[in-house]
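Visitor: Before anything else, here's the structure in question.
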Amino acid sequence: MFTAFLIKYAEIGIKGKNRYLFEDALVHQIKFALKKCEGTFLISKSQGRIHVEAQGEFDYDETIEHLQKVFGISGICPVVYVEDEGFEKLCDRVVSYIADVYPDRNKSFKVHSRRARKDYPKESMEINADMGESILKAYPEMRVDVHNPDILLNVEIREKIYIYSETIAGPGGMPVGTGGKAMLLLSGGIDSPVAGYMIAKRGVKIDAVYFHAPPYTSERAKQKVVDLAKIVSAYAGPVWLHVINFTDIQLYIYEKCPHEELTIIMRRYMMRIAEHIAKETGCLGLITGESIGQVASQTMSSLIATNEVCELPVYRPLIGFDKKEIVDISQKINAFETSIQPFEDCCTIFVAKHPVTKPNVNIIRRHERNLEEKIEELVQKALDTKELIIAE
């Protein structure tokens, strides 16, 4: 019976004079999300509300599923719009609404009206009482419960009148694009897609960089990362994925540097390359999936060593999470099954048996001097040959 949805937002409502910018960004993201749905939709703004109306046939469940991936939405309300034809007719429509939506009417209810149109002849409290009386008259088996009702019947008096009783939870957060842009270091693991999701939830547009090491990593490993970028894009919008051939750099580091420092030095060059691309593409920071102490390259000392090569801020939304918390979010966003596919990662191929856990930055810098002969040339070659994939 529902062909329209009232979209609620939370944080956007406190943005003052700039609120319209956030509303416009939310409308843009809703349009992007619904492009993937069957049917066409009219998305509009009116009096602090956003409306989605289906224009003809559409798939209700699919539409809800896609709206639940739009950051900035706090609630999705399937709604019935009615014209103002007087209070008596409105009560009849509400009674019909209950009959259609609730076949089992042995339930408690509460009427909650909101009179945005101040010229309406009844005040909110009067609407609540009189409409509740009409419902009880039509359905004696129902009962009023103002504290914990089974059905919270919302009636909003605006240009049209909206009737709804269900609020489906949205993902919250802020609309993507309102918080700038950042570069995600995306691997084939569990952590980095979750980190991208969490930063995107704060309104940040995501680009990504992936370090590929053929023939040590397969084309299937690369496709796995593309698939993860597509999963993130369902929430974050199109992700521009920059694929860097890292093989020659890794082999050169492997040849010239102490093996217990391989991971840290490789990581430092990944950060340098990611930052170079980030600056070229207007990103305001880097994003990683690091969590303190999870592996040797994520101790406090190791993070200092990798941070040292960056001028841009490095955002680590998972820094205090344990693995179970990260896995829970990965499963929630449907990334987990892809992340655990057994295709090798470029970092794991060259990992040392006993990696240093407390690297000294001065010693790391001294060992990086072993690379001076060719490293700049190899980095430039990697940048010149990078591949761009748009994941959406």
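All residue names refer to the structure tokens as shown: chains lettered A, B, ... in order, residues numbered from 1 in each chain, ligands numbered from 1 in order.
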DSSP says helix (DSSP H, G or I) for which residues of range 119-346 of chain A? Put them as JSON, numbers by chain?
Guide: {"A": [124, 125, 126, 127, 128, 129, 130, 131, 132, 133, 134, 135, 136, 137, 138, 191, 192, 193, 194, 195, 196, 197, 198, 199, 200, 219, 220, 221, 222, 223, 224, 225, 226, 227, 228, 229, 230, 231, 232, 233, 234, 235, 236, 247, 248, 249, 250, 251, 252, 253, 254, 255, 256, 259, 260, 261, 262, 263, 264, 265, 266, 267, 268, 269, 270, 271, 272, 273, 274, 275, 276, 277, 278, 279, 280, 296, 297, 298, 300, 301, 302, 303, 304, 305, 306, 307, 323, 324, 325, 326, 327, 328, 329, 330, 331, 332, 336, 337, 338, 339, 346]}
Visitor: Just the residues within 12 Å of Val225 in chain A, please, counting only C-alpha atoms, with nothing from its chain fewer than 5 positions along; format it as a PyMOL selection string.
Guide: chain A and resi 185-190+192-193+208-212+217-220+230-232+239+241-243+335+338-341+343-346+389+391
Visitor: Could those selected residues go to a file with N, CA, C and O atoms, as a short mmCIF file (atom, residue, chain, number, x, y, z; two decimals), in the first residue's frame?
Guide:
```
data_model
loop_
_atom_site.label_atom_id
_atom_site.label_comp_id
_atom_site.auth_asym_id
_atom_site.auth_seq_id
_atom_site.Cartn_x
_atom_site.Cartn_y
_atom_site.Cartn_z
N LEU A 185 43.79 3.64 2.34
CA LEU A 185 44.72 2.58 1.94
C LEU A 185 43.96 1.27 2.06
O LEU A 185 43.73 0.76 3.17
N LEU A 186 43.51 0.75 0.92
CA LEU A 186 42.61 -0.39 0.88
C LEU A 186 43.38 -1.66 0.54
O LEU A 186 44.01 -1.75 -0.51
N SER A 187 43.33 -2.63 1.44
CA SER A 187 43.94 -3.94 1.18
C SER A 187 42.82 -4.95 1.00
O SER A 187 41.66 -4.59 0.96
N GLY A 188 43.19 -6.22 0.92
CA GLY A 188 42.17 -7.25 0.80
C GLY A 188 41.73 -7.81 2.14
O GLY A 188 41.05 -8.84 2.17
N GLY A 189 42.10 -7.15 3.23
CA GLY A 189 41.79 -7.67 4.56
C GLY A 189 40.43 -7.22 5.09
O GLY A 189 39.63 -6.60 4.38
N ILE A 190 40.22 -7.50 6.36
CA ILE A 190 38.94 -7.17 7.00
C ILE A 190 38.90 -5.70 7.42
O ILE A 190 37.85 -5.05 7.34
N SER A 192 40.53 -2.57 6.55
CA SER A 192 40.49 -1.31 5.79
C SER A 192 39.12 -0.98 5.20
O SER A 192 38.72 0.20 5.20
N PRO A 193 38.33 -1.95 4.69
CA PRO A 193 36.98 -1.58 4.23
C PRO A 193 36.11 -1.03 5.36
O PRO A 193 35.32 -0.09 5.14
N ALA A 208 40.53 5.65 -2.91
CA ALA A 208 41.29 4.54 -2.33
C ALA A 208 42.53 4.24 -3.16
O ALA A 208 42.56 4.52 -4.36
N VAL A 209 43.54 3.67 -2.51
CA VAL A 209 44.74 3.22 -3.20
C VAL A 209 45.02 1.79 -2.76
O VAL A 209 44.89 1.45 -1.58
N TYR A 210 45.36 0.95 -3.74
CA TYR A 210 45.67 -0.47 -3.48
C TYR A 210 47.04 -0.78 -4.05
O TYR A 210 47.34 -0.42 -5.19
N PHE A 211 47.87 -1.45 -3.27
CA PHE A 211 49.23 -1.80 -3.68
C PHE A 211 49.25 -3.25 -4.13
O PHE A 211 49.08 -4.17 -3.33
N HIS A 212 49.47 -3.43 -5.43
CA HIS A 212 49.43 -4.73 -6.08
C HIS A 212 50.87 -5.18 -6.37
O HIS A 212 51.71 -4.35 -6.70
N THR A 217 51.26 -11.41 -6.09
CA THR A 217 49.82 -11.37 -5.82
C THR A 217 49.10 -11.55 -7.16
O THR A 217 49.51 -11.03 -8.18
N SER A 218 48.01 -12.29 -7.12
CA SER A 218 47.31 -12.68 -8.35
C SER A 218 46.30 -11.62 -8.79
O SER A 218 45.95 -10.71 -8.04
N GLU A 219 45.81 -11.78 -10.01
CA GLU A 219 44.74 -10.91 -10.50
C GLU A 219 43.47 -11.10 -9.65
O GLU A 219 42.69 -10.18 -9.50
N ARG A 220 43.31 -12.32 -9.11
CA ARG A 220 42.13 -12.56 -8.27
C ARG A 220 42.23 -11.77 -6.97
O ARG A 220 41.23 -11.31 -6.43
N LYS A 230 33.70 -1.83 -4.18
CA LYS A 230 32.30 -1.74 -4.59
C LYS A 230 31.37 -1.85 -3.38
O LYS A 230 30.33 -1.18 -3.31
N ILE A 231 31.73 -2.71 -2.42
CA ILE A 231 30.92 -2.84 -1.20
C ILE A 231 30.92 -1.53 -0.43
O ILE A 231 29.88 -1.05 0.03
N VAL A 232 32.10 -0.90 -0.30
CA VAL A 232 32.19 0.39 0.39
C VAL A 232 31.39 1.45 -0.38
O VAL A 232 30.73 2.31 0.21
N VAL A 239 33.80 4.99 -5.67
CA VAL A 239 35.15 5.04 -5.11
C VAL A 239 36.16 4.98 -6.25
O VAL A 239 36.16 4.03 -7.03
N LEU A 241 39.49 4.04 -7.28
CA LEU A 241 40.51 3.13 -6.76
C LEU A 241 41.77 3.24 -7.62
O LEU A 241 41.76 2.91 -8.81
N HIS A 242 42.85 3.69 -7.00
CA HIS A 242 44.14 3.81 -7.68
C HIS A 242 44.97 2.56 -7.38
O HIS A 242 45.29 2.28 -6.23
N VAL A 243 45.29 1.78 -8.42
CA VAL A 243 46.04 0.53 -8.26
C VAL A 243 47.51 0.80 -8.58
O VAL A 243 47.84 1.20 -9.71
N ALA A 335 30.89 -7.14 4.00
CA ALA A 335 32.25 -7.19 3.45
C ALA A 335 33.03 -8.41 3.93
O ALA A 335 34.02 -8.80 3.30
N THR A 338 33.83 -11.49 1.59
CA THR A 338 34.80 -11.13 0.55
C THR A 338 36.19 -10.97 1.15
O THR A 338 37.18 -11.45 0.59
N SER A 339 36.28 -10.34 2.32
CA SER A 339 37.58 -10.08 2.94
C SER A 339 38.33 -11.36 3.29
O SER A 339 39.57 -11.37 3.28
N ILE A 340 37.61 -12.42 3.62
CA ILE A 340 38.30 -13.65 4.06
C ILE A 340 38.60 -14.61 2.91
O ILE A 340 39.11 -15.71 3.14
N GLN A 341 38.31 -14.21 1.67
CA GLN A 341 38.70 -15.05 0.54
C GLN A 341 40.22 -15.23 0.55
O GLN A 341 40.96 -14.28 0.76
N PHE A 343 43.07 -15.05 -0.94
CA PHE A 343 43.98 -14.55 -1.98
C PHE A 343 45.01 -13.66 -1.32
O PHE A 343 44.68 -12.76 -0.54
N GLU A 344 46.29 -13.88 -1.66
CA GLU A 344 47.39 -13.27 -0.94
C GLU A 344 47.41 -11.76 -1.07
O GLU A 344 47.01 -11.18 -2.07
N ASP A 345 47.90 -11.13 0.00
CA ASP A 345 48.05 -9.68 0.07
C ASP A 345 49.52 -9.34 -0.16
O ASP A 345 50.40 -10.10 0.23
N CYS A 346 49.78 -8.18 -0.75
CA CYS A 346 51.18 -7.85 -1.07
C CYS A 346 52.02 -7.68 0.20
O CYS A 346 53.23 -7.90 0.17
N ILE A 389 40.52 2.58 -11.34
CA ILE A 389 39.28 1.83 -11.48
C ILE A 389 38.19 2.56 -10.69
O ILE A 389 38.40 2.88 -9.51
N ALA A 391 34.95 2.19 -8.83
CA ALA A 391 34.10 1.14 -8.23
C ALA A 391 32.78 1.76 -7.78
O ALA A 391 32.77 2.72 -7.01
#
```
Visitor: What lies within 7 Å of range 126-142 of chain A using only C-alpha atoms, ignoring chain neighbours under 5 positions off, as a list in words?
Guide: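 With the cut-off at 7 Å, the set is Cys91, Val95, Arg105, Asn106, Lys107, Ser108, Val111, His112 and Ser113 of chain A.
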Visitor: So that I can check the surroundings of Phe41 in chain A, please list as a ChimeraX atom specification every protein, DNA and RNA residue that reaches within 9 Å of it, counting only C-alpha atoms and ignoring chain neighbours fewer than 6 positions away.
Guide: /A:31,34-35,52-56,58
Visitor: Could you give me, as a list in words, the residues within 7 Å of Glu290 in chain A, counting only C-alpha atoms and dropping anything in the same chain fewer than 5 positions from it?
Guide: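 Skipping anything fewer than 5 positions along the chain leaves Gln298, Arg316, Leu318 and Ile319 of chain A.
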Visitor: Please, could you write that set of residues out with C-alpha atoms as a short mmCIF file (atom, residue, chain, number, x, y, z; two decimals), in the first residue's frame?
Guide:
```
data_model
loop_
_atom_site.label_atom_id
_atom_site.label_comp_id
_atom_site.auth_asym_id
_atom_site.auth_seq_id
_atom_site.Cartn_x
_atom_site.Cartn_y
_atom_site.Cartn_z
CA GLN A 298 50.63 -1.52 14.40
CA ARG A 316 42.54 5.54 12.05
CA LEU A 318 39.62 1.43 14.30
CA ILE A 319 42.55 2.39 16.51
#
```
Visitor: Report as a ChimeraX atom specification all protein, DNA and RNA residues lying within 9 Å of Glu156 in chain A, evaluated on only C-alpha atoms, omitting residues in the same chain fewer than 2 positions from it.
Guide: /A:112-116,154,158,160-164
Visitor: Between A:Arg19, A:Phe5, A:Gly170, A:Arg49, which one has atoms that come closest to Ser74 in chain A, using only C-alpha atoms?
Guide: A:Gly170
Visitor: Could you work out how far CA of Ala382 in chain A lies from CA of Arg272 in chain A, giving the answer in Å with one decimal?
Guide: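 Between CA of Arg272 in chain A and CA of Ala382 in chain A the gap is 11.9 Å.
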Visitor: Write out as a PDB file with N, CA, C and O atoms, in the first residue's frame the residues lying within 7 Å of Leu286 in chain A, counting only C-alpha atoms and excluding same-chain residues fewer than 5 positions away.
Guide:
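After the write, around29.pdb holds the following:
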```
ATOM      1  N   ALA A 182      39.033  12.001   1.553  1.00  0.00           N
ATOM      2  CA  ALA A 182      40.244  11.390   2.102  1.00  0.00           C
ATOM      3  C   ALA A 182      40.594  10.143   1.309  1.00  0.00           C
ATOM      4  O   ALA A 182      39.755   9.568   0.617  1.00  0.00           O
ATOM      5  N   MET A 183      41.861   9.737   1.421  1.00  0.00           N
ATOM      6  CA  MET A 183      42.392   8.603   0.673  1.00  0.00           C
ATOM      7  C   MET A 183      42.529   7.386   1.591  1.00  0.00           C
ATOM      8  O   MET A 183      43.262   7.417   2.579  1.00  0.00           O
ATOM      9  N   LEU A 184      41.807   6.316   1.249  1.00  0.00           N
ATOM     10  CA  LEU A 184      41.832   5.071   2.016  1.00  0.00           C
ATOM     11  C   LEU A 184      42.905   4.137   1.466  1.00  0.00           C
ATOM     12  O   LEU A 184      42.930   3.867   0.263  1.00  0.00           O
ATOM     13  N   GLU A 275      49.993   9.413  -0.038  1.00  0.00           N
ATOM     14  CA  GLU A 275      49.888  10.854   0.215  1.00  0.00           C
ATOM     15  C   GLU A 275      50.106  11.655  -1.069  1.00  0.00           C
ATOM     16  O   GLU A 275      49.429  12.662  -1.301  1.00  0.00           O
ATOM     17  N   LEU A 312      50.046  15.014   5.594  1.00  0.00           N
ATOM     18  CA  LEU A 312      48.601  15.011   5.806  1.00  0.00           C
ATOM     19  C   LEU A 312      48.254  14.222   7.066  1.00  0.00           C
ATOM     20  O   LEU A 312      48.989  13.311   7.453  1.00  0.00           O
ATOM     21  N   PRO A 313      47.142  14.552   7.721  1.00  0.00           N
ATOM     22  CA  PRO A 313      46.721  13.745   8.882  1.00  0.00           C
ATOM     23  C   PRO A 313      46.351  12.334   8.453  1.00  0.00           C
ATOM     24  O   PRO A 313      45.888  12.104   7.333  1.00  0.00           O
ATOM     25  N   VAL A 314      46.576  11.383   9.356  1.00  0.00           N
ATOM     26  CA  VAL A 314      46.222   9.979   9.115  1.00  0.00           C
ATOM     27  C   VAL A 314      45.078   9.624  10.065  1.00  0.00           C
ATOM     28  O   VAL A 314      45.232   9.688  11.287  1.00  0.00           O
ATOM     29  N   TYR A 315      43.929   9.256   9.493  1.00  0.00           N
ATOM     30  CA  TYR A 315      42.751   8.911  10.299  1.00  0.00           C
ATOM     31  C   TYR A 315      42.689   7.395  10.463  1.00  0.00           C
ATOM     32  O   TYR A 315      42.723   6.654   9.478  1.00  0.00           O
TER      33      TYR A 315
END
```
Visitor: Using only C-alpha atoms, find the one residue out of A:Lys323, A:Arg202, A:Lys358, A:His51 that sits nearest to Leu67 in chain A.
Guide: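 Of A:Lys323, A:Arg202, A:Lys358, A:His51, the one nearest Leu67 in chain A is A:His51, counting only C-alpha atoms.
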Visitor: Mind pulling up the distance from CA of Tyr254 in chain A to CA of Glu280 in chain A?
Guide: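 Taking CA of Glu280 in chain A and CA of Tyr254 in chain A, their separation equals 28.6 Å.
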Visitor: Select from range 130-374 of chain A everything DSSP, run on the backbone, classes as strand (DSSP E or B), then give the selection as a ChimeraX atom specification.
Guide: /A:143-144,151-157,161-164,168-169,174,181-185,202,205-212,239-245,286-287,314-315
Visitor: Restricting the output to N, CA and C atoms, write the selected residues as a tab-separated table (two decimals), in the first residue's frame.
Guide:
```tsv
chain	number	residue	atom	x	y	z
A	143	ARG	N	-6.55	-0.33	22.61
A	143	ARG	CA	-6.52	0.41	23.87
A	143	ARG	C	-5.41	1.47	23.79
A	144	VAL	N	-5.60	2.51	24.54
A	144	VAL	CA	-4.63	3.61	24.55
A	144	VAL	C	-3.53	3.33	25.57
A	151	ILE	N	1.61	0.63	18.87
A	151	ILE	CA	1.54	1.42	17.63
A	151	ILE	C	1.63	2.89	17.99
A	152	LEU	N	2.64	3.56	17.46
A	152	LEU	CA	2.72	5.01	17.60
A	152	LEU	C	2.27	5.61	16.28
A	153	LEU	N	1.07	6.13	16.26
A	153	LEU	CA	0.48	6.65	15.02
A	153	LEU	C	0.82	8.13	14.89
A	154	ASN	N	1.62	8.46	13.90
A	154	ASN	CA	2.06	9.84	13.67
A	154	ASN	C	1.18	10.49	12.61
A	155	VAL	N	0.70	11.68	12.91
A	155	VAL	CA	-0.09	12.46	11.96
A	155	VAL	C	0.53	13.85	11.89
A	156	GLU	N	1.09	14.19	10.74
A	156	GLU	CA	1.72	15.50	10.57
A	156	GLU	C	0.86	16.36	9.66
A	157	ILE	N	0.46	17.51	10.18
A	157	ILE	CA	-0.39	18.44	9.43
A	157	ILE	C	0.51	19.45	8.74
A	161	ILE	N	-1.25	16.12	4.51
A	161	ILE	CA	-1.23	15.48	5.82
A	161	ILE	C	-0.56	14.12	5.66
A	162	TYR	N	0.41	13.83	6.53
A	162	TYR	CA	1.16	12.58	6.47
A	162	TYR	C	0.70	11.67	7.59
A	163	ILE	N	0.47	10.41	7.25
A	163	ILE	CA	0.12	9.40	8.24
A	163	ILE	C	1.17	8.29	8.17
A	164	TYR	N	1.79	7.98	9.30
A	164	TYR	CA	2.76	6.88	9.33
A	164	TYR	C	2.88	6.34	10.75
A	168	ILE	N	11.72	2.89	10.15
A	168	ILE	CA	12.78	1.90	9.90
A	168	ILE	C	14.11	2.61	10.09
A	169	ALA	N	14.98	2.02	10.88
A	169	ALA	CA	16.25	2.68	11.22
A	169	ALA	C	17.12	2.89	9.98
A	174	MET	N	26.46	11.45	8.59
A	174	MET	CA	26.32	12.68	7.80
A	174	MET	C	26.38	12.33	6.30
A	181	LYS	N	37.23	15.10	1.52
A	181	LYS	CA	37.61	13.86	0.85
A	181	LYS	C	38.90	13.34	1.45
A	182	ALA	N	39.03	12.00	1.55
A	182	ALA	CA	40.24	11.39	2.10
A	182	ALA	C	40.59	10.14	1.31
A	183	MET	N	41.86	9.74	1.42
A	183	MET	CA	42.39	8.60	0.67
A	183	MET	C	42.53	7.39	1.59
A	184	LEU	N	41.81	6.32	1.25
A	184	LEU	CA	41.83	5.07	2.02
A	184	LEU	C	42.91	4.14	1.47
A	185	LEU	N	43.79	3.64	2.34
A	185	LEU	CA	44.72	2.58	1.94
A	185	LEU	C	43.96	1.27	2.06
A	202	ARG	N	30.92	9.75	8.46
A	202	ARG	CA	31.03	11.14	8.94
A	202	ARG	C	30.99	12.15	7.81
A	205	LYS	N	34.00	11.92	1.59
A	205	LYS	CA	34.08	11.23	0.30
A	205	LYS	C	35.36	10.39	0.28
A	206	ILE	N	35.26	9.15	-0.19
A	206	ILE	CA	36.39	8.22	-0.14
A	206	ILE	C	36.97	7.98	-1.53
A	207	ASP	N	38.30	8.20	-1.67
A	207	ASP	CA	39.09	7.62	-2.74
A	207	ASP	C	39.93	6.51	-2.10
A	208	ALA	N	40.53	5.65	-2.91
A	208	ALA	CA	41.29	4.54	-2.33
A	208	ALA	C	42.53	4.24	-3.16
A	209	VAL	N	43.54	3.67	-2.51
A	209	VAL	CA	44.74	3.22	-3.20
A	209	VAL	C	45.02	1.79	-2.76
A	210	TYR	N	45.36	0.95	-3.74
A	210	TYR	CA	45.67	-0.47	-3.48
A	210	TYR	C	47.04	-0.78	-4.05
A	211	PHE	N	47.87	-1.45	-3.27
A	211	PHE	CA	49.23	-1.80	-3.68
A	211	PHE	C	49.25	-3.25	-4.13
A	212	HIS	N	49.47	-3.43	-5.43
A	212	HIS	CA	49.43	-4.73	-6.08
A	212	HIS	C	50.87	-5.18	-6.37
A	239	VAL	N	33.80	4.99	-5.67
A	239	VAL	CA	35.15	5.04	-5.11
A	239	VAL	C	36.16	4.98	-6.25
A	240	TRP	N	37.00	6.01	-6.33
A	240	TRP	CA	38.08	6.01	-7.33
A	240	TRP	C	39.26	5.23	-6.73
A	241	LEU	N	39.49	4.04	-7.28
A	241	LEU	CA	40.51	3.13	-6.76
A	241	LEU	C	41.77	3.24	-7.62
A	242	HIS	N	42.85	3.69	-7.00
A	242	HIS	CA	44.14	3.81	-7.68
A	242	HIS	C	44.97	2.56	-7.38
A	243	VAL	N	45.29	1.78	-8.42
A	243	VAL	CA	46.04	0.53	-8.26
A	243	VAL	C	47.51	0.80	-8.58
A	244	ILE	N	48.37	0.57	-7.61
A	244	ILE	CA	49.80	0.82	-7.74
A	244	ILE	C	50.55	-0.51	-7.85
A	245	ASN	N	51.38	-0.64	-8.89
A	245	ASN	CA	52.26	-1.82	-9.00
A	245	ASN	C	53.46	-1.61	-8.08
A	286	LEU	N	44.71	10.79	5.01
A	286	LEU	CA	44.78	9.37	4.69
A	286	LEU	C	43.95	8.60	5.71
A	287	ILE	N	43.44	7.44	5.29
A	287	ILE	CA	42.66	6.56	6.19
A	287	ILE	C	43.31	5.18	6.16
A	314	VAL	N	46.58	11.38	9.36
A	314	VAL	CA	46.22	9.98	9.12
A	314	VAL	C	45.08	9.62	10.06
A	315	TYR	N	43.93	9.26	9.49
A	315	TYR	CA	42.75	8.91	10.30
A	315	TYR	C	42.69	7.39	10.46
```
Visitor: When distances are computed from only C-alpha atoms, which of A:Ile277, A:Gln294, A:Arg267, A:Ala200 shows the smallest separation from Asp384 in chain A?
Guide: A:Ile277
Visitor: Using CA of Val204 in chain A and CA of Lys8 in chain A as the two end points, give the distance in Å to one decimal.
Guide: 20.3 Å
Visitor: So which one's closest to Lys222 in chain A, A:Glu38, A:Glu387, A:Gly72, A:Thr281? Using only C-alpha atoms, please.
Guide: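 Ranked by minimum distance to Lys222 in chain A, first place goes to A:Glu387.
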